[in-house]
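Enquirer: Supplied structure: start.tsv, TSV, C-alpha atoms.
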```
chain	number	residue	atom	x	y	z
Z	1	MET	CA	175.37	236.10	-154.18
Z	2	LYS	CA	176.95	232.77	-153.31
Z	3	ASP	CA	180.65	232.37	-153.81
Z	4	SER	CA	181.29	229.74	-156.50
Z	5	ARG	CA	184.37	228.69	-154.68
Z	6	THR	CA	182.35	227.58	-151.66
Z	7	THR	CA	179.17	226.25	-153.29
Z	8	THR	CA	178.42	223.86	-156.14
Z	9	SER	CA	176.03	224.34	-159.05
Z	10	SER	CA	173.32	222.50	-157.09
Z	11	GLY	CA	173.62	224.88	-154.13
Z	12	LYS	CA	175.52	222.38	-151.97
Z	13	LEU	CA	178.49	223.59	-149.94
Z	14	ASN	CA	182.17	222.82	-150.40
Z	15	PRO	CA	183.72	220.81	-147.52
Z	16	VAL	CA	186.38	223.51	-147.07
Z	17	SER	CA	184.01	226.51	-147.33
Z	18	PHE	CA	183.80	229.11	-144.57
Z	19	SER	CA	180.51	227.58	-143.40
Z	20	PHE	CA	182.13	224.21	-142.91
Z	21	ILE	CA	185.18	225.68	-141.24
Z	22	GLY	CA	182.68	226.93	-138.64
Z	23	PHE	CA	181.42	223.33	-138.32
Z	24	TYR	CA	184.92	222.06	-137.71
Z	25	ILE	CA	185.82	224.73	-135.13
Z	26	LEU	CA	182.61	223.98	-133.24
Z	27	ALA	CA	183.50	220.26	-133.24
Z	28	PHE	CA	186.96	221.07	-131.88
Z	29	LEU	CA	185.60	223.19	-129.03
Z	30	PHE	CA	182.88	220.69	-128.12
Z	31	PHE	CA	185.20	217.67	-127.92
Z	32	ALA	CA	188.03	219.59	-126.23
Z	33	ALA	CA	186.05	219.30	-122.99
Z	34	ASN	CA	185.97	215.52	-123.20
Z	35	ALA	CA	189.68	215.37	-124.06
Z	36	ALA	CA	190.46	217.28	-120.86
Z	37	LEU	CA	188.05	215.37	-118.63
Z	38	THR	CA	189.22	211.99	-119.96
Z	39	ILE	CA	192.61	212.74	-118.41
Z	40	ILE	CA	191.62	214.66	-115.28
Z	41	LEU	CA	188.62	212.67	-114.01
Z	42	PRO	CA	190.32	209.23	-113.72
Z	43	LEU	CA	193.29	210.81	-111.94
Z	44	ARG	CA	191.06	212.76	-109.54
Z	45	SER	CA	188.89	209.70	-108.92
Z	46	GLU	CA	191.85	207.43	-108.14
Z	47	ALA	CA	193.26	210.04	-105.76
Z	48	ALA	CA	189.87	210.13	-104.02
Z	49	GLY	CA	190.00	206.36	-103.47
Z	50	LEU	CA	187.93	204.93	-106.33
Z	51	ASN	CA	189.08	201.56	-107.71
Z	52	GLN	CA	189.51	200.68	-111.39
Z	53	ALA	CA	186.04	199.18	-111.76
Z	54	GLU	CA	184.40	202.30	-110.29
Z	55	ILE	CA	186.49	204.54	-112.52
Z	56	GLY	CA	185.56	202.43	-115.53
Z	57	LEU	CA	181.85	202.72	-114.61
Z	58	MET	CA	182.11	206.48	-114.23
Z	59	MET	CA	183.99	207.00	-117.50
Z	60	GLY	CA	181.89	204.43	-119.34
Z	61	SER	CA	178.62	206.13	-118.40
Z	62	TYR	CA	179.45	208.84	-120.95
Z	63	MET	CA	179.34	206.52	-123.95
Z	64	PHE	CA	176.65	204.28	-122.47
Z	65	THR	CA	174.28	207.24	-122.36
Z	66	CYS	CA	175.28	208.13	-125.92
Z	67	MET	CA	174.38	204.62	-127.01
Z	68	LEU	CA	170.90	204.79	-125.51
Z	69	LEU	CA	170.06	208.19	-126.97
Z	70	ARG	CA	171.52	208.12	-130.51
Z	71	PRO	CA	168.34	206.78	-132.17
Z	72	PHE	CA	166.21	209.17	-130.09
Z	73	ALA	CA	168.49	212.03	-131.19
Z	74	ALA	CA	167.90	211.03	-134.80
Z	75	GLN	CA	164.16	211.12	-134.15
Z	76	MET	CA	164.42	214.64	-132.73
Z	77	LEU	CA	166.34	215.73	-135.84
Z	78	GLY	CA	163.44	214.62	-137.99
Z	79	LYS	CA	160.91	216.40	-135.79
Z	80	TYR	CA	162.65	219.68	-134.91
Z	81	GLY	CA	165.52	220.01	-137.40
Z	82	PRO	CA	169.30	220.19	-136.80
Z	83	LEU	CA	169.49	223.92	-136.06
Z	84	ARG	CA	167.02	223.91	-133.17
Z	85	VAL	CA	168.42	220.67	-131.72
Z	86	MET	CA	171.94	222.14	-131.80
Z	87	ARG	CA	170.90	225.13	-129.71
Z	88	TRP	CA	169.28	222.94	-127.06
Z	89	LEU	CA	172.18	220.55	-126.74
Z	90	LEU	CA	174.81	223.29	-126.45
Z	91	MET	CA	172.95	224.77	-123.48
Z	92	LEU	CA	172.97	221.35	-121.81
Z	93	HIS	CA	176.68	220.93	-122.61
Z	94	ALA	CA	177.56	224.31	-121.10
Z	95	GLY	CA	175.56	223.64	-117.94
Z	96	THR	CA	177.21	220.24	-117.45
Z	97	LEU	CA	180.74	221.63	-117.73
Z	98	LEU	CA	179.95	224.35	-115.19
Z	99	LEU	CA	178.67	221.69	-112.77
Z	100	PHE	CA	182.04	219.89	-112.98
Z	101	ILE	CA	183.62	222.99	-111.42
Z	102	VAL	CA	181.52	222.86	-108.24
Z	103	SER	CA	180.92	219.10	-107.94
Z	104	GLY	CA	182.86	216.35	-106.18
Z	105	VAL	CA	183.90	212.88	-107.28
Z	106	ASP	CA	180.64	211.36	-106.02
Z	107	THR	CA	178.68	213.21	-108.75
Z	108	TYR	CA	181.03	212.50	-111.66
Z	109	LEU	CA	179.03	209.44	-112.76
Z	110	TRP	CA	175.86	211.49	-113.32
Z	111	LEU	CA	177.68	214.42	-114.88
Z	112	ARG	CA	179.43	212.09	-117.34
Z	113	ALA	CA	176.02	210.69	-118.24
Z	114	LEU	CA	174.73	214.24	-118.89
Z	115	GLN	CA	177.79	214.86	-121.02
Z	116	GLY	CA	176.88	211.74	-122.96
Z	117	VAL	CA	173.37	213.08	-123.60
Z	118	ALA	CA	174.77	216.25	-125.16
Z	119	THR	CA	177.30	214.28	-127.21
Z	120	ALA	CA	174.65	211.92	-128.61
Z	121	PHE	CA	172.68	214.85	-129.97
Z	122	PHE	CA	175.77	216.80	-131.08
Z	123	SER	CA	177.31	214.08	-133.23
Z	124	MET	CA	173.98	213.16	-134.86
Z	125	THR	CA	173.23	216.82	-135.58
Z	126	MET	CA	176.65	217.56	-137.07
Z	127	GLN	CA	176.70	214.46	-139.25
Z	128	ALA	CA	173.16	215.13	-140.48
Z	129	GLY	CA	174.28	218.64	-141.43
Z	130	ILE	CA	177.24	217.24	-143.37
Z	131	VAL	CA	175.12	214.70	-145.26
Z	132	GLU	CA	172.47	217.31	-146.09
Z	133	ARG	CA	174.84	220.13	-147.07
Z	134	LEU	CA	177.47	218.31	-149.19
Z	135	GLU	CA	177.46	216.64	-152.59
Z	136	ASP	CA	177.69	212.84	-152.48
Z	137	LYS	CA	181.24	212.87	-153.84
Z	138	ASP	CA	182.33	215.25	-151.05
Z	139	ARG	CA	180.59	213.43	-148.20
Z	140	ALA	CA	183.60	211.33	-147.19
Z	141	GLN	CA	185.81	214.43	-147.15
Z	142	GLY	CA	183.33	216.29	-144.96
Z	143	LEU	CA	182.96	213.43	-142.49
Z	144	ALA	CA	186.73	212.91	-142.42
Z	145	MET	CA	187.36	216.61	-141.75
Z	146	TYR	CA	184.66	216.69	-139.07
Z	147	THR	CA	186.03	213.63	-137.29
Z	148	LEU	CA	189.53	215.07	-137.72
Z	149	PHE	CA	188.54	218.15	-135.73
Z	150	THR	CA	186.90	215.99	-133.07
Z	151	MET	CA	190.33	214.42	-132.60
Z	152	VAL	CA	192.45	217.59	-132.78
Z	153	PRO	CA	191.81	218.23	-129.06
Z	154	SER	CA	193.58	214.97	-128.26
Z	155	LEU	CA	196.72	216.52	-129.75
Z	156	VAL	CA	196.98	219.46	-127.37
Z	157	ILE	CA	194.49	219.08	-124.53
Z	158	PRO	CA	195.98	215.98	-122.80
Z	159	ILE	CA	199.28	217.72	-122.07
Z	160	LEU	CA	197.40	220.76	-120.76
Z	161	ALA	CA	195.17	218.52	-118.62
Z	162	VAL	CA	198.17	216.67	-117.16
Z	163	GLN	CA	199.77	220.02	-116.28
Z	164	ILE	CA	196.57	221.16	-114.54
Z	165	TRP	CA	196.50	217.91	-112.55
Z	166	GLN	CA	200.18	217.94	-111.62
Z	167	ASN	CA	200.01	221.57	-110.50
Z	168	ALA	CA	196.71	220.96	-108.64
Z	169	SER	CA	195.47	224.20	-110.18
Z	170	GLU	CA	191.75	224.62	-109.46
Z	171	LEU	CA	191.80	228.08	-111.05
Z	172	ALA	CA	193.16	226.73	-114.34
Z	173	PHE	CA	190.57	223.94	-114.33
Z	174	THR	CA	187.77	226.43	-113.64
Z	175	LEU	CA	188.85	228.79	-116.43
Z	176	LEU	CA	189.19	225.88	-118.86
Z	177	MET	CA	185.66	224.62	-118.13
Z	178	ILE	CA	184.15	228.12	-118.37
Z	179	GLY	CA	185.85	228.74	-121.71
Z	180	LEU	CA	184.81	225.36	-123.14
Z	181	ALA	CA	181.24	225.95	-121.95
Z	182	ALA	CA	180.85	229.46	-123.38
Z	183	LEU	CA	182.65	229.33	-126.74
Z	184	PRO	CA	180.66	226.44	-128.33
Z	185	LEU	CA	177.43	228.09	-127.15
Z	186	LEU	CA	178.35	231.35	-128.88
Z	187	LEU	CA	179.54	229.71	-132.10
Z	188	GLY	CA	176.70	227.20	-132.26
Z	189	TYR	CA	174.06	229.88	-132.66
Z	190	LYS	CA	175.69	231.03	-135.93
Z	191	VAL	CA	176.64	227.67	-137.49
Z	192	ASP	CA	175.09	226.99	-140.91
Z	193	LEU	CA	172.88	224.00	-140.12
Z	194	PRO	CA	169.73	223.07	-142.09
Z	195	GLN	CA	166.38	223.68	-140.38
Z	196	SER	CA	165.06	220.28	-141.55
Z	197	THR	CA	166.33	216.98	-143.00
Z	198	VAL	CA	165.25	214.57	-145.73
Z	199	GLN	CA	164.02	212.39	-142.87
Z	200	ASN	CA	161.50	215.10	-141.99
Z	201	LYS	CA	159.13	213.01	-139.92
Z	202	THR	CA	158.51	211.80	-136.37
Z	203	TYR	CA	159.16	208.16	-135.50
Z	204	THR	CA	156.84	206.32	-133.16
Z	205	LEU	CA	158.20	203.82	-130.64
Z	206	GLY	CA	157.07	201.02	-132.96
Z	207	ASP	CA	158.97	202.58	-135.86
Z	208	MET	CA	162.13	202.76	-133.76
Z	209	LEU	CA	161.80	199.16	-132.58
Z	210	ARG	CA	161.36	198.04	-136.19
Z	211	SER	CA	164.49	200.02	-137.07
Z	212	PHE	CA	166.42	198.16	-134.37
Z	213	SER	CA	165.23	194.83	-135.72
Z	214	GLY	CA	166.44	195.90	-139.16
Z	215	ILE	CA	170.05	195.45	-138.06
Z	216	TRP	CA	169.63	191.67	-138.42
Z	217	ARG	CA	168.18	192.01	-141.93
Z	218	SER	CA	170.87	194.33	-143.25
Z	219	THR	CA	174.29	192.74	-143.69
Z	220	PRO	CA	176.03	196.13	-144.20
Z	221	LEU	CA	174.54	197.52	-140.98
Z	222	LEU	CA	175.19	194.32	-139.02
Z	223	VAL	CA	178.83	193.91	-140.11
Z	224	SER	CA	179.61	197.61	-139.68
Z	225	SER	CA	178.04	197.64	-136.21
Z	226	VAL	CA	179.87	194.51	-135.02
Z	227	VAL	CA	183.24	195.77	-136.28
Z	228	MET	CA	182.61	199.17	-134.68
Z	229	LEU	CA	181.54	197.54	-131.40
Z	230	PHE	CA	184.76	195.53	-131.07
Z	231	ALA	CA	187.00	198.38	-132.20
Z	232	SER	CA	185.42	201.01	-129.97
Z	233	CYS	CA	185.75	198.68	-126.97
Z	234	VAL	CA	189.48	198.75	-127.64
Z	235	PHE	CA	189.49	202.54	-128.04
Z	236	GLY	CA	187.43	202.99	-124.86
Z	237	ALA	CA	189.71	200.80	-122.76
Z	238	THR	CA	192.76	202.66	-124.04
Z	239	ALA	CA	191.25	206.09	-123.36
Z	240	THR	CA	190.13	205.13	-119.85
Z	241	PHE	CA	193.11	203.19	-118.52
Z	242	LEU	CA	196.13	204.42	-120.48
Z	243	PRO	CA	196.80	207.38	-118.12
Z	244	LEU	CA	196.57	205.15	-115.03
Z	245	TYR	CA	198.73	202.45	-116.66
Z	246	MET	CA	201.50	204.87	-117.57
Z	247	VAL	CA	201.43	206.65	-114.22
Z	248	LEU	CA	201.73	203.24	-112.51
Z	249	THR	CA	204.68	202.01	-114.58
Z	250	GLY	CA	206.40	205.38	-114.99
Z	251	MET	CA	207.90	204.17	-118.29
Z	252	ALA	CA	206.06	206.61	-120.56
Z	253	SER	CA	203.90	209.73	-120.49
Z	254	ALA	CA	200.20	209.46	-121.26
Z	255	GLY	CA	200.22	213.06	-122.45
Z	256	ILE	CA	202.98	212.39	-124.98
Z	257	PHE	CA	201.41	209.10	-126.08
Z	258	LEU	CA	197.99	210.67	-126.69
Z	259	THR	CA	199.59	213.63	-128.45
Z	260	ILE	CA	201.44	211.32	-130.85
Z	261	GLN	CA	198.26	209.33	-131.41
Z	262	GLY	CA	196.29	212.51	-132.00
Z	263	LEU	CA	198.88	213.80	-134.47
Z	264	VAL	CA	198.71	210.54	-136.43
Z	265	VAL	CA	194.91	210.75	-136.48
Z	266	ILE	CA	194.97	214.34	-137.73
Z	267	LEU	CA	197.55	213.71	-140.45
Z	268	CYS	CA	195.83	210.56	-141.68
Z	269	ARG	CA	192.37	212.10	-141.75
Z	270	PHE	CA	193.60	215.17	-143.61
Z	271	ILE	CA	196.04	213.54	-146.06
Z	272	LEU	CA	193.90	210.46	-146.75
Z	273	ARG	CA	190.45	212.12	-146.64
Z	274	LYS	CA	190.02	211.83	-150.44
Z	275	LYS	CA	190.99	208.14	-150.35
Z	276	ILE	CA	187.97	207.15	-148.26
Z	277	PRO	CA	185.34	205.66	-150.62
Z	278	SER	CA	182.53	208.18	-151.12
Z	279	ASP	CA	180.24	206.13	-153.37
Z	280	GLY	CA	178.90	203.40	-151.08
Z	281	SER	CA	181.53	200.80	-152.03
Z	282	TRP	CA	183.08	198.40	-149.47
Z	283	ASN	CA	186.83	197.84	-149.26
Z	284	THR	CA	187.51	194.61	-147.34
Z	285	TRP	CA	191.27	194.94	-147.23
Z	286	LEU	CA	191.18	198.53	-146.02
Z	287	MET	CA	188.96	197.45	-143.12
Z	288	ALA	CA	191.10	194.39	-142.38
Z	289	GLY	CA	194.24	196.55	-142.40
Z	290	LEU	CA	192.71	198.99	-139.94
Z	291	MET	CA	191.81	196.21	-137.52
Z	292	LEU	CA	195.28	194.70	-137.83
Z	293	SER	CA	196.74	198.11	-137.03
Z	294	ALA	CA	194.51	198.38	-133.94
Z	295	ALA	CA	195.64	194.91	-132.81
Z	296	LEU	CA	199.31	195.83	-133.16
Z	297	GLY	CA	198.74	199.02	-131.17
Z	298	THR	CA	197.28	197.31	-128.11
Z	299	GLN	CA	199.68	194.37	-128.25
Z	300	LEU	CA	202.61	196.76	-128.05
Z	301	LEU	CA	200.98	198.43	-125.04
Z	302	SER	CA	200.70	195.05	-123.31
Z	303	LEU	CA	204.48	194.69	-123.72
Z	304	MET	CA	205.36	198.10	-122.24
Z	305	ASP	CA	207.48	196.55	-119.48
Z	306	MET	CA	209.74	195.13	-122.21
Z	307	LEU	CA	209.57	198.02	-124.68
Z	308	GLY	CA	209.98	201.00	-122.37
Z	309	PRO	CA	209.97	204.29	-124.34
Z	310	PHE	CA	209.59	202.35	-127.62
Z	311	VAL	CA	205.96	201.84	-126.60
Z	312	TYR	CA	205.20	205.16	-128.31
Z	313	ILE	CA	205.26	203.21	-131.59
Z	314	SER	CA	201.93	201.81	-130.41
Z	315	ALA	CA	200.43	205.29	-130.72
Z	316	VAL	CA	201.16	205.27	-134.46
Z	317	PHE	CA	199.32	201.99	-135.09
Z	318	SER	CA	196.40	202.91	-132.82
Z	319	GLY	CA	196.18	206.37	-134.33
Z	320	PHE	CA	196.01	205.01	-137.90
Z	321	ALA	CA	193.11	202.69	-137.00
Z	322	LEU	CA	191.32	205.39	-135.04
Z	323	ALA	CA	191.77	207.88	-137.89
Z	324	LEU	CA	190.07	205.99	-140.69
Z	325	LEU	CA	187.72	203.40	-139.18
Z	326	TYR	CA	184.85	205.64	-138.07
Z	327	PRO	CA	184.69	208.00	-141.11
Z	328	THR	CA	184.99	205.05	-143.51
Z	329	LEU	CA	182.12	203.10	-141.95
Z	330	THR	CA	179.94	206.18	-141.45
Z	331	THR	CA	180.37	207.31	-145.05
Z	332	TYR	CA	179.65	203.80	-146.35
Z	333	LEU	CA	176.42	203.50	-144.36
Z	334	SER	CA	175.26	206.99	-145.34
Z	335	PHE	CA	175.02	205.66	-148.91
Z	336	VAL	CA	173.69	202.13	-148.47
Z	337	LEU	CA	170.98	202.79	-145.85
Z	338	PRO	CA	167.51	203.87	-147.04
Z	339	ALA	CA	167.17	207.67	-147.10
Z	340	ASP	CA	163.83	207.87	-145.25
Z	341	SER	CA	165.25	206.12	-142.16
Z	342	ARG	CA	168.94	206.91	-142.67
Z	343	TYR	CA	169.57	208.87	-139.49
Z	344	VAL	CA	167.76	206.48	-137.15
Z	345	LEU	CA	169.68	203.54	-138.63
Z	346	MET	CA	172.95	205.48	-138.50
Z	347	GLY	CA	172.06	206.29	-134.90
Z	348	ILE	CA	171.88	202.55	-134.24
Z	349	PHE	CA	175.30	202.10	-135.83
Z	350	MET	CA	176.75	204.93	-133.76
Z	351	SER	CA	175.20	203.33	-130.69
Z	352	SER	CA	177.44	200.32	-131.35
Z	353	TYR	CA	180.41	202.68	-131.10
Z	354	ASP	CA	179.10	204.10	-127.84
Z	355	LEU	CA	178.32	200.67	-126.38
Z	356	GLY	CA	181.80	199.41	-127.25
Z	357	PHE	CA	183.48	202.50	-125.82
Z	358	SER	CA	181.43	202.16	-122.65
Z	359	LEU	CA	182.27	198.45	-122.33
Z	360	GLY	CA	185.91	199.36	-122.82
Z	361	GLY	CA	185.71	201.16	-119.47
Z	362	LEU	CA	183.26	198.87	-117.69
Z	363	ALA	CA	184.32	195.36	-118.68
Z	364	MET	CA	188.03	196.08	-119.03
Z	365	GLY	CA	188.05	197.70	-115.60
Z	366	VAL	CA	187.01	194.33	-114.18
Z	367	VAL	CA	189.70	192.59	-116.25
Z	368	VAL	CA	192.32	194.94	-114.79
Z	369	GLN	CA	191.12	194.27	-111.25
Z	370	ILE	CA	191.34	190.48	-111.56
Z	371	SER	CA	194.53	190.42	-113.64
Z	372	SER	CA	196.67	193.34	-114.84
Z	373	TYR	CA	196.83	196.17	-117.35
Z	374	SER	CA	199.04	194.03	-119.58
Z	375	VAL	CA	196.45	191.24	-119.71
Z	376	MET	CA	193.70	193.78	-120.38
Z	377	PHE	CA	195.51	195.16	-123.42
Z	378	THR	CA	196.08	191.61	-124.67
Z	379	VAL	CA	192.31	191.05	-124.47
Z	380	CYS	CA	191.89	194.23	-126.53
Z	381	THR	CA	194.23	192.75	-129.15
Z	382	LEU	CA	192.02	189.65	-129.37
Z	383	LEU	CA	188.95	191.85	-129.88
Z	384	SER	CA	190.61	193.58	-132.85
Z	385	VAL	CA	191.54	190.19	-134.33
Z	386	ALA	CA	187.92	189.05	-133.90
Z	387	ALA	CA	186.73	192.12	-135.82
Z	388	LEU	CA	189.26	191.36	-138.57
Z	389	ILE	CA	187.87	187.82	-138.85
Z	390	VAL	CA	184.31	189.21	-139.20
Z	391	VAL	CA	185.45	191.53	-142.02
Z	392	VAL	CA	187.11	188.69	-143.94
Z	393	PHE	CA	184.28	186.21	-143.30
Z	394	PHE	CA	181.62	188.53	-144.76
Z	395	ARG	CA	183.86	189.71	-147.62
Z	396	GLN	CA	181.78	188.34	-150.49
Z	397	ARG	CA	178.41	189.51	-149.16
Z	398	MET	CA	179.71	193.01	-148.42
Z	399	GLU	CA	181.48	193.40	-151.77
Z	400	ALA	CA	178.41	192.17	-153.70
Z	401	GLY	CA	177.01	195.70	-153.46
Z	402	ASN	CA	180.12	197.10	-155.18
Z	403	LYS	CA	179.02	195.46	-158.46
Z	404	VAL	CA	175.68	197.24	-158.28
Z	405	ILE	CA	177.43	200.58	-157.73
Z	406	SER	CA	179.82	199.93	-160.61
Z	407	THR	CA	176.91	199.08	-162.94
Z	408	SER	CA	174.97	202.20	-162.00
Z	409	VAL	CA	178.03	204.41	-162.61
Z	410	ASN	CA	178.70	202.84	-166.00
```
Would you mind writing the file's structure down as structure tokens?

Expert:
Amino acid sequence: MKDSRTTTSSGKLNPVSFSFIGFYILAFLFFAANAALTIILPLRSEAAGLNQAEIGLMMGSYMFTCMLLRPFAAQMLGKYGPLRVMRWLLMLHAGTLLLFIVSGVDTYLWLRALQGVATAFFSMTMQAGIVERLEDKDRAQGLAMYTLFTMVPSLVIPILAVQIWQNASELAFTLLMIGLAALPLLLGYKVDLPQSTVQNKTYTLGDMLRSFSGIWRSTPLLVSSVVMLFASCVFGATATFLPLYMVLTGMASAGIFLTIQGLVVILCRFILRKKIPSDGSWNTWLMAGLMLSAALGTQLLSLMDMLGPFVYISAVFSGFALALLYPTLTTYLSFVLPADSRYVLMGIFMSSYDLGFSLGGLAMGVVVQISSYSVMFTVCTLLSVAALIVVVFFRQRMEAGNKVISTSVN
């Protein structure tokens, strides 16, 4: 018999049920590997003689591969179902982490790309499970809690990764990779994922191309994708170059900065999870505020030579933007996109995040080479301001759908 405390009258699950706690723990373990490698790989690569552009290419290949495969991952969900796809991807994830143990810097580019393949399928599978398993009113909470646990590793793993690097401990690195390869594989086989989705069909190449063209016909998808593209470029540049920047200046610790940022993300996603609209409505000023917060975060980083230890304030602003932007946009699109092509179209949206994150490493690495880290973070500030302008410019068209929602509720 189902526990009424963990299920609703319609058979849907509660976002804090035991089944969903398993979801969240799996998300933590999966993304803990990336949190560690985001710190260790750039440091190892620089020590091996790679320049900033090469490091940016290597780190950016992770999200670039994600971008290419998100819509394909959504297609596989429709054909094989989330449960079977999860088991395949976790085997790939485990194999990739084990290869990092025995591989050198010259193979990191390809291993990061393989990591990106697994991540593309993982995030699509988990978010499909959340949408399918939860009531509409709980969807924002579920997505916020899921994305919270994807960020929890950034609270503790960076300091551990810095310690492993500073102590040059190959044994610690090996044990960490083995643990993060095995535990998700064991837990993933028991996670409560649906065997099929509402989008229970196979997409042809023509169907997928038509879905891509739909981005220009859908204002919600277009605006959300553009805002996510600019914002994730900022997040990607920060994740890739912050450790190198702080090691170079010696004025702050990347581990402490990322821990503060991670703590802000976790607190905001947990405390404010019920404040995220879960009815398909658009909040212009919430989105504008998030982009302003992102702009303040990177502008403070660009002034680190003047601020010194006070630069940690930047982590608060960046963490607030990072906490709410992705779950807010994802929840909004999960309501306004047509159900029969929801996951493919959401895959396109998530590809904008991946493309931006990848460009944050690729393009901003070139900016650093021809100028400086300070200039690069100023460029990131301008990108956040550009996204803010897009949000305000399309305010009326985006909020027009709110009237329809209000009418249907009344």

Enquirer: May I have the protein, DNA and RNA residues with an atom at most 12 Å from (188.5, 215.8, -119.8), counting all atoms listed in the file in the file's coordinates, returned as a PyMOL selection string?

Expert: chain Z and resi 30-44+59+62+97+100+108+111-112+115+153-154+156-162+164-165+173+176-177+180+239-240+243

Enquirer: Listing only residues of region 242-321 of chain Z within 8 Å of region 397-401 of chain Z, what is the closest atom pair and its distance in Å (to one decimal) for each, using only C-alpha atoms, sorted by chain and residue number ascending, as JSON lines?

Expert:
```
{"residue": "Z:Ser281", "atom": "CA", "partner": "Z:Gly401", "partner_atom": "CA", "distance": 7.0}
{"residue": "Z:Trp282", "atom": "CA", "partner": "Z:Glu399", "partner_atom": "CA", "distance": 5.7}
{"residue": "Z:Asn283", "atom": "CA", "partner": "Z:Glu399", "partner_atom": "CA", "distance": 7.4}
{"residue": "Z:Thr284", "atom": "CA", "partner": "Z:Glu399", "partner_atom": "CA", "distance": 7.6}
```

Enquirer: Mind giving me the straight-line distance from CA of Leu296 (chain Z) to CA of Gln396 (chain Z) in Å, one decimal?

Expert: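 Separation of CA of Leu296 (chain Z) and CA of Gln396 (chain Z): 25.8 Å.
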
Enquirer: Closest to Ala295 (chain Z) among Z:Leu307, Z:Val379, Z:Val385, Z:Leu263, using all atoms listed in the file?

Expert: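 Of Z:Leu307, Z:Val379, Z:Val385, Z:Leu263, the one nearest Ala295 (chain Z), counting all atoms listed in the file, is Z:Val385.
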
Enquirer: Could you state the separation of CA of Thr331 (chain Z) and CA of Glu132 (chain Z) in Å, given to one decimal place?

Expert: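 Here the two named atoms are 12.8 Å from each other.
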
Enquirer: Taking 6 positions as the minimum chain separation for residues in the same chain, which residues sit within 12 Å of Pro309 (chain Z) when counting only C-alpha atoms? Answer as a PyMOL selection string.

Expert: chain Z and resi 246+249-254+256-257+300-301+303+315

Enquirer: Between Z:Ser314, Z:Ser293, Z:Thr259, Z:Gln75, which one has atoms that come closest to Val344 (chain Z), using all atoms listed in the file?

Expert: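 Going through Z:Ser314, Z:Ser293, Z:Thr259, Z:Gln75 one by one, the smallest distance to Val344 (chain Z) is for Z:Gln75.
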
Enquirer: Would you please work out which residue, of Z:Pro15, Z:Gly142, Z:Gly347, Z:Gly60, is nearest to Ile276 (chain Z) when using all atoms listed in the file?

Expert: Z:Gly142

Enquirer: If we count only C-alpha atoms, what is near Leu148 (chain Z) at a cut-off of 8 Å, once residues fewer than 5 positions away on the same chain are taken out, given as a VMD selection string?

Expert: chain Z and resid 265 to 266 269 to 270 323

Enquirer: Can you spit out the residues from that selection as a tab-separated table (two decimals), in the frame of the given file, using C-alpha atoms?

Expert:
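Output saved as result.tsv:
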```
chain	number	residue	atom	x	y	z
Z	265	VAL	CA	194.91	210.75	-136.48
Z	266	ILE	CA	194.97	214.34	-137.73
Z	269	ARG	CA	192.37	212.10	-141.75
Z	270	PHE	CA	193.60	215.17	-143.61
Z	323	ALA	CA	191.77	207.88	-137.89
```

Enquirer: Residues within 9 Å of Asp136 (chain Z), please, as a list of chain:residue names. Count only C-alpha atoms; anything in the same chain fewer than 5 positions from it doesn't count.

Expert: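 The contact residues come out as Z:Val131, Z:Ser278, Z:Asp279, Z:Phe335.
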
Enquirer: My list of candidates is Z:Leu187, Z:Leu272, Z:Ala27, Z:Leu83. Which is closest to Thr147 (chain Z) when distances are computed with only C-alpha atoms?

Expert: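 Smallest distance to Thr147 (chain Z) is found for Z:Ala27.
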
Enquirer: May I ask for the distance between CA of Met287 (chain Z) and CA of Val367 (chain Z), given in Å to one decimal place?

Expert: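 A separation of 27.3 Å between them.
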
Enquirer: Within 9 Å of (173.8, 207.8, -126.8) in the file's own coordinates, which protein, DNA or RNA residues have an atom, counting only C-alpha atoms? List them as a list in words.

Expert: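 Every polymer residue passing the test: Tyr62, Met63, Phe64, Thr65, Cys66, Met67, Leu68, Leu69, Arg70, Pro71, Phe72, Ala73, Gly116, Val117, Ala118, Thr119, Ala120, Phe121, Gly347, Met350, Ser351, Asp354 and Leu355 of chain Z.
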
Enquirer: Point out the residue among Z:Val105, Z:Leu388, Z:Gly365, Z:Ala182 with the least atom-to-atom distance to Glu46 (chain Z), counting all atoms listed in the file.

Expert: Z:Val105

Enquirer: Measuring atom to atom with only C-alpha atoms, identify which of Z:Leu222, Z:Cys268, Z:Leu362, Z:Leu155 is nearest to Gly255 (chain Z).

Expert: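 Selected residue with least distance to Gly255 (chain Z): Z:Leu155.
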
Enquirer: Find the residues near Ser334 (chain Z): any atom within 8 Å, counting all atoms listed in the file, skip ones fewer than 3 places away on the same chain, and give them as a PyMOL selection string.

Expert: chain Z and resi 131+280+330-331+337+342+346

Enquirer: Keeping only C-alpha atoms, write those residues as a JSON list (two decimals), in the frame of the given file.

Expert:
```json
[["chain", "number", "residue", "atom", "x", "y", "z"],
["Z", 131, "VAL", "CA", 175.12, 214.70, -145.26],
["Z", 280, "GLY", "CA", 178.90, 203.40, -151.08],
["Z", 330, "THR", "CA", 179.94, 206.18, -141.45],
["Z", 331, "THR", "CA", 180.37, 207.31, -145.05],
["Z", 337, "LEU", "CA", 170.98, 202.79, -145.85],
["Z", 342, "ARG", "CA", 168.94, 206.91, -142.67],
["Z", 346, "MET", "CA", 172.95, 205.48, -138.50]]
```

Enquirer: Please identify all polymer residues within 8 Å of Gly360 (chain Z), counting all atoms listed in the file, omitting same-chain residues fewer than 5 positions from it, and present them as a list in words.

Expert: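 Within the cut-off, the hits are Gly56, Gly60, Ser232, Cys233, Val234, Phe235, Gly236, Ala237, Thr238, Thr240 and Gly365 of chain Z.
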